[in-house]
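Note sheet for the following structure.
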Amino acid sequence: MKSAFLQACRGEKSEYVPVWFMRQAGRYLPGYRELRKNYSMLSLIRNPGLAAEIAIEPVLSLGVDAAILFSDILLPFPAMGVRVEFSELGGPVFPEPLRKPEDLQKLQPVNPTKEMAFLGEQISLLSGKLRGVPIIGFAGAPFTLAAYAIEGEYSRGFEITKSFIYRNEKSWHQMMKILTEITTNLLKGQIRSGVNAVQLFDSWIGALSPVDFRNYVLNYLEEIFSETSQVPRIYFGTNTGGLLRDISKLDIEVVGLDWRVELESAFQALGGNRAIQGNLDPACLLGPIEHIESEASNIILAGKSAPGHIFNLGHGIHKSTDPSVAKHLVDFVHKFRS
């Protein structure tokens, strides 16, 4: 497939700078909001036809250079028998967090290809309807999944998770092995179904020190990426400025960055030899067009230091974003050569 997005993933120059947005298939779009009047988020994800419709909407309405599956990083937990309550307002909640070693017994074995076959069906539908447009598969990284399950909801400092790690190191590694296996199998299943790239979301990894990242997380990421080399792989985390030298050891094609780091300095910290993705502050899209264009121009200029640059936000698009503003940004980015 000839695609500016895939060219950038491979560190190749393309006709223009490619762009897509994290959470582009969802809560800020009118089509999704209309569907949510009658369906829960989980029921939409489990309905391949409706999920594909949601994933296609930003490709058609915004002109982004890739589609991303409509799913959620926490999807493996319901399949494993752990209850998660999804809310558009307050974020996901685990009514019964996994905070003791014996709680790991609740994590039932699961075959993602079988238990989440609806994702493969969504990929097939997207492949048939979006010929020539790359499809991005994704999963949550083991640390972020574990942190959600232990904390029970979003946390500022993740103190409960860190306490679990330090007090129950053996159980922590047991949990990470379980989550690494299901994440690996989930991504491999998506690759077999036809996605053209995968992104591993490690949204809360920046809560860890570099030492803890190396001791408790890094080898599990290496295992996942060693099994998914058939397509370009993107690793995205937030607050990763202090972890970039360790992240540079990962066998991946693209590193996604949040808005808290400058692309040029991050690229150098990563060893200066791989593609980067990012990193406009999502809140920027809530401001005036002149400011958006100025910030985007700076990011595009900084991205030229890398062999490949995929323009994206530094995290998921805000639910209050005007779709017409997002469309303006896509058109603006496309004016630049890579």
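Chain labels run A, B, ... following the order of the structure tokens; each chain numbers its residues from 1, and ligands are numbered from 1 in the order shown.
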Might you pull out every residue within 7 Å of stretch 143-158 of chain A, with only C-alpha atoms counted and same-chain residues fewer than 3 positions away left off, and present them as a list in words?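 Selected residues are Leu74, Pro92, Val93, Phe94, Pro95, Pro97, Leu98, Arg99, Gly140, Thr161, Lys162, Asp202, Ser203, Trp204, Ile205, Ala207 and Val217 of chain A.
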Write the selection just made, keeping N, CA and C atoms, as a PDB file, in the first residue's frame?
ATOM      1  N   LEU A  74      -9.109  -1.037  27.409  1.00  0.00           N
ATOM      2  CA  LEU A  74      -9.488  -1.869  28.551  1.00  0.00           C
ATOM      3  C   LEU A  74     -10.381  -3.040  28.159  1.00  0.00           C
ATOM      4  N   PRO A  92     -13.281   5.346  32.655  1.00  0.00           N
ATOM      5  CA  PRO A  92     -13.586   3.979  33.095  1.00  0.00           C
ATOM      6  C   PRO A  92     -13.347   3.780  34.593  1.00  0.00           C
ATOM      7  N   VAL A  93     -14.158   2.917  35.169  1.00  0.00           N
ATOM      8  CA  VAL A  93     -14.061   2.617  36.596  1.00  0.00           C
ATOM      9  C   VAL A  93     -14.114   1.105  36.791  1.00  0.00           C
ATOM     10  N   PHE A  94     -13.244   0.596  37.660  1.00  0.00           N
ATOM     11  CA  PHE A  94     -13.259  -0.811  38.071  1.00  0.00           C
ATOM     12  C   PHE A  94     -13.932  -0.873  39.442  1.00  0.00           C
ATOM     13  N   PRO A  95     -15.176  -1.347  39.526  1.00  0.00           N
ATOM     14  CA  PRO A  95     -15.868  -1.392  40.820  1.00  0.00           C
ATOM     15  C   PRO A  95     -15.145  -2.253  41.857  1.00  0.00           C
ATOM     16  N   PRO A  97     -11.415  -3.211  42.246  1.00  0.00           N
ATOM     17  CA  PRO A  97     -10.017  -3.154  41.813  1.00  0.00           C
ATOM     18  C   PRO A  97      -9.219  -4.374  42.268  1.00  0.00           C
ATOM     19  N   LEU A  98      -8.151  -4.665  41.516  1.00  0.00           N
ATOM     20  CA  LEU A  98      -7.287  -5.806  41.850  1.00  0.00           C
ATOM     21  C   LEU A  98      -6.124  -5.292  42.696  1.00  0.00           C
ATOM     22  N   ARG A  99      -6.287  -5.312  44.006  1.00  0.00           N
ATOM     23  CA  ARG A  99      -5.306  -4.665  44.880  1.00  0.00           C
ATOM     24  C   ARG A  99      -4.544  -5.626  45.785  1.00  0.00           C
ATOM     25  N   GLY A 140      -3.806  -1.736  24.752  1.00  0.00           N
ATOM     26  CA  GLY A 140      -3.212  -1.072  25.899  1.00  0.00           C
ATOM     27  C   GLY A 140      -1.965  -1.808  26.345  1.00  0.00           C
ATOM     28  N   THR A 161      -0.748   1.676  42.815  1.00  0.00           N
ATOM     29  CA  THR A 161      -0.049   0.770  41.891  1.00  0.00           C
ATOM     30  C   THR A 161       1.395   0.589  42.309  1.00  0.00           C
ATOM     31  N   LYS A 162       2.065   1.673  42.633  1.00  0.00           N
ATOM     32  CA  LYS A 162       3.478   1.577  43.029  1.00  0.00           C
ATOM     33  C   LYS A 162       3.626   0.792  44.322  1.00  0.00           C
ATOM     34  N   ASP A 202       0.486   3.357  26.131  1.00  0.00           N
ATOM     35  CA  ASP A 202       0.962   3.259  27.514  1.00  0.00           C
ATOM     36  C   ASP A 202       0.708   4.605  28.187  1.00  0.00           C
ATOM     37  N   SER A 203      -0.557   4.922  28.313  1.00  0.00           N
ATOM     38  CA  SER A 203      -0.975   6.267  28.693  1.00  0.00           C
ATOM     39  C   SER A 203      -0.411   6.742  30.027  1.00  0.00           C
ATOM     40  N   TRP A 204      -0.168   5.830  30.965  1.00  0.00           N
ATOM     41  CA  TRP A 204       0.247   6.260  32.301  1.00  0.00           C
ATOM     42  C   TRP A 204       1.681   5.870  32.648  1.00  0.00           C
ATOM     43  N   ILE A 205       2.457   5.478  31.659  1.00  0.00           N
ATOM     44  CA  ILE A 205       3.821   5.006  31.928  1.00  0.00           C
ATOM     45  C   ILE A 205       4.702   6.090  32.520  1.00  0.00           C
ATOM     46  N   ALA A 207       4.302   7.817  34.941  1.00  0.00           N
ATOM     47  CA  ALA A 207       4.254   7.835  36.401  1.00  0.00           C
ATOM     48  C   ALA A 207       5.478   7.153  37.014  1.00  0.00           C
ATOM     49  N   VAL A 217       8.932  -3.013  33.730  1.00  0.00           N
ATOM     50  CA  VAL A 217       8.104  -2.856  32.531  1.00  0.00           C
ATOM     51  C   VAL A 217       8.825  -3.191  31.228  1.00  0.00           C
TER      52      VAL A 217
END
Hey, which bits of stretch 141-237 of chain A sit within 10 Å of stretch 10-31 of chain A, and for each residue what's the closest pair of atoms and how far apart in Å (one decimal), counting only C-alpha atoms, rows by chain and increasing number, as CSV?
residue,atom,partner,partner_atom,distance
A:Val231,CA,A:Arg10,CA,9.8
A:Pro232,CA,A:Arg10,CA,7.2
A:Arg233,CA,A:Arg10,CA,9.8
Restrict the selected residues to N, CA and C atoms and save them as a short mmCIF file (atom, residue, chain, number, x, y, z; two decimals), in the first residue's frame.
data_model
loop_
_atom_site.label_atom_id
_atom_site.label_comp_id
_atom_site.auth_asym_id
_atom_site.auth_seq_id
_atom_site.Cartn_x
_atom_site.Cartn_y
_atom_site.Cartn_z
N VAL A 231 4.23 -5.57 10.98
CA VAL A 231 3.75 -4.25 10.54
C VAL A 231 4.48 -3.18 11.36
N PRO A 232 4.45 -1.93 10.91
CA PRO A 232 5.04 -0.86 11.72
C PRO A 232 4.38 -0.79 13.09
N ARG A 233 5.22 -0.55 14.09
CA ARG A 233 4.74 -0.50 15.47
C ARG A 233 5.00 0.88 16.06
#
Quote the spacing between atom CA of A:Ala197 and atom CA of A:Arg83 in Å to one decimal place.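 Distance between the two atoms: 29.2 Å.
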Using only C-alpha atoms, which of A:Phe336, A:Met1, A:Arg214, A:Lys37 sits nearest A:Arg131?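 Ranking A:Phe336, A:Met1, A:Arg214, A:Lys37 by distance to A:Arg131, first place goes to A:Met1.
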Neighbours of A:Gly271 within 10 Å (only C-alpha atoms; same-chain residues fewer than 6 positions away dropped), as a short mmCIF file (atom, residue, chain, number, x, y, z; two decimals) with C-alpha atoms, in the first residue's frame?
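Listed below is the output, out_35.cif:
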data_model
loop_
_atom_site.label_atom_id
_atom_site.label_comp_id
_atom_site.auth_asym_id
_atom_site.auth_seq_id
_atom_site.Cartn_x
_atom_site.Cartn_y
_atom_site.Cartn_z
CA LEU A 244 13.16 8.28 26.19
CA ARG A 245 16.68 6.83 26.39
CA ILE A 247 12.39 3.66 25.10
CA SER A 248 15.07 4.03 22.40
CA LYS A 249 16.09 0.42 23.15
#
Any chance you could list, as a list in words, the residues in stretch 61-155 of chain A that come up strand (DSSP E or B) when DSSP is run on the backbone?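 For stretch 61-155 of chain A, the strand (DSSP E or B) set is Ala67, Ile68, Glu85, Val93, Ile135, Ile136, Gly137, Phe138, Ala139 and Gly140 of chain A.
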Å distance separating atom CA of A:Glu181 from atom CA of A:Ile165, one decimal place: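 Going from atom CA of A:Glu181 over to atom CA of A:Ile165, I get 19.0 Å.
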Which residues come within 9 Å of A:Asn168, counting only C-alpha atoms, excluding same-chain residues fewer than 4 positions away, as a list in words?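 The filter keeps Lys100, Pro101, Ser163, Phe164, Trp172 and His173 of chain A.
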Can you list, as a list in words, every protein, DNA or RNA residue that comes within 10 Å of stretch 294-302 of chain A when you count only C-alpha atoms, leaving out same-chain residues fewer than 5 positions away?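 Near neighbours after the sequence-gap exclusion: Val17, Trp259, Glu262, Leu263, Glu264, Ser265, Phe267, Gly278, Asn279, Leu280, Asp281, Cys284, Ile289, His309, Ile310, Phe311, Asn312, Leu313, Leu329, Phe332, Val333, Phe336, Arg337 and Ser338 of chain A.
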Output for the residues just chosen: C-alpha atoms as a CSV table (one decimal), in the first residue's frame:
chain,number,residue,atom,x,y,z
A,17,VAL,CA,3.1,15.3,6.1
A,259,TRP,CA,2.9,17.7,24.1
A,262,GLU,CA,9.9,19.1,22.2
A,263,LEU,CA,10.1,16.9,19.2
A,264,GLU,CA,13.6,17.9,18.2
A,265,SER,CA,15.1,17.1,21.7
A,267,PHE,CA,14.3,12.8,18.6
A,278,GLY,CA,3.0,14.0,17.6
A,279,ASN,CA,2.6,16.2,19.3
A,280,LEU,CA,0.1,19.1,19.4
A,281,ASP,CA,-1.6,19.8,22.7
A,284,CYS,CA,-4.9,23.8,21.3
A,289,ILE,CA,-7.3,29.2,14.2
A,309,HIS,CA,7.1,12.4,11.1
A,310,ILE,CA,3.4,11.6,11.6
A,311,PHE,CA,1.5,14.7,12.8
A,312,ASN,CA,-0.8,13.9,15.7
A,313,LEU,CA,-2.0,15.3,18.9
A,329,LEU,CA,-5.9,21.4,10.9
A,332,PHE,CA,-3.3,22.8,6.9
A,333,VAL,CA,-0.9,20.0,7.8
A,336,PHE,CA,3.6,20.8,4.0
A,337,ARG,CA,6.0,18.4,2.4
A,338,SER,CA,7.6,15.9,4.7
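Taking atom CA of A:Ile56 and atom CA of A:Glu253 as the two end points, the separation is 25.0 Å.
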Residues of stretch 73-275 of chain A classed as alpha helix (DSSP H) by DSSP on the backbone are to be reported as a PyMOL selection string. chain A and resi 76-79+112-115+117-129+142-151+159-167+169-193+210-216+218-226+244-247+263-269
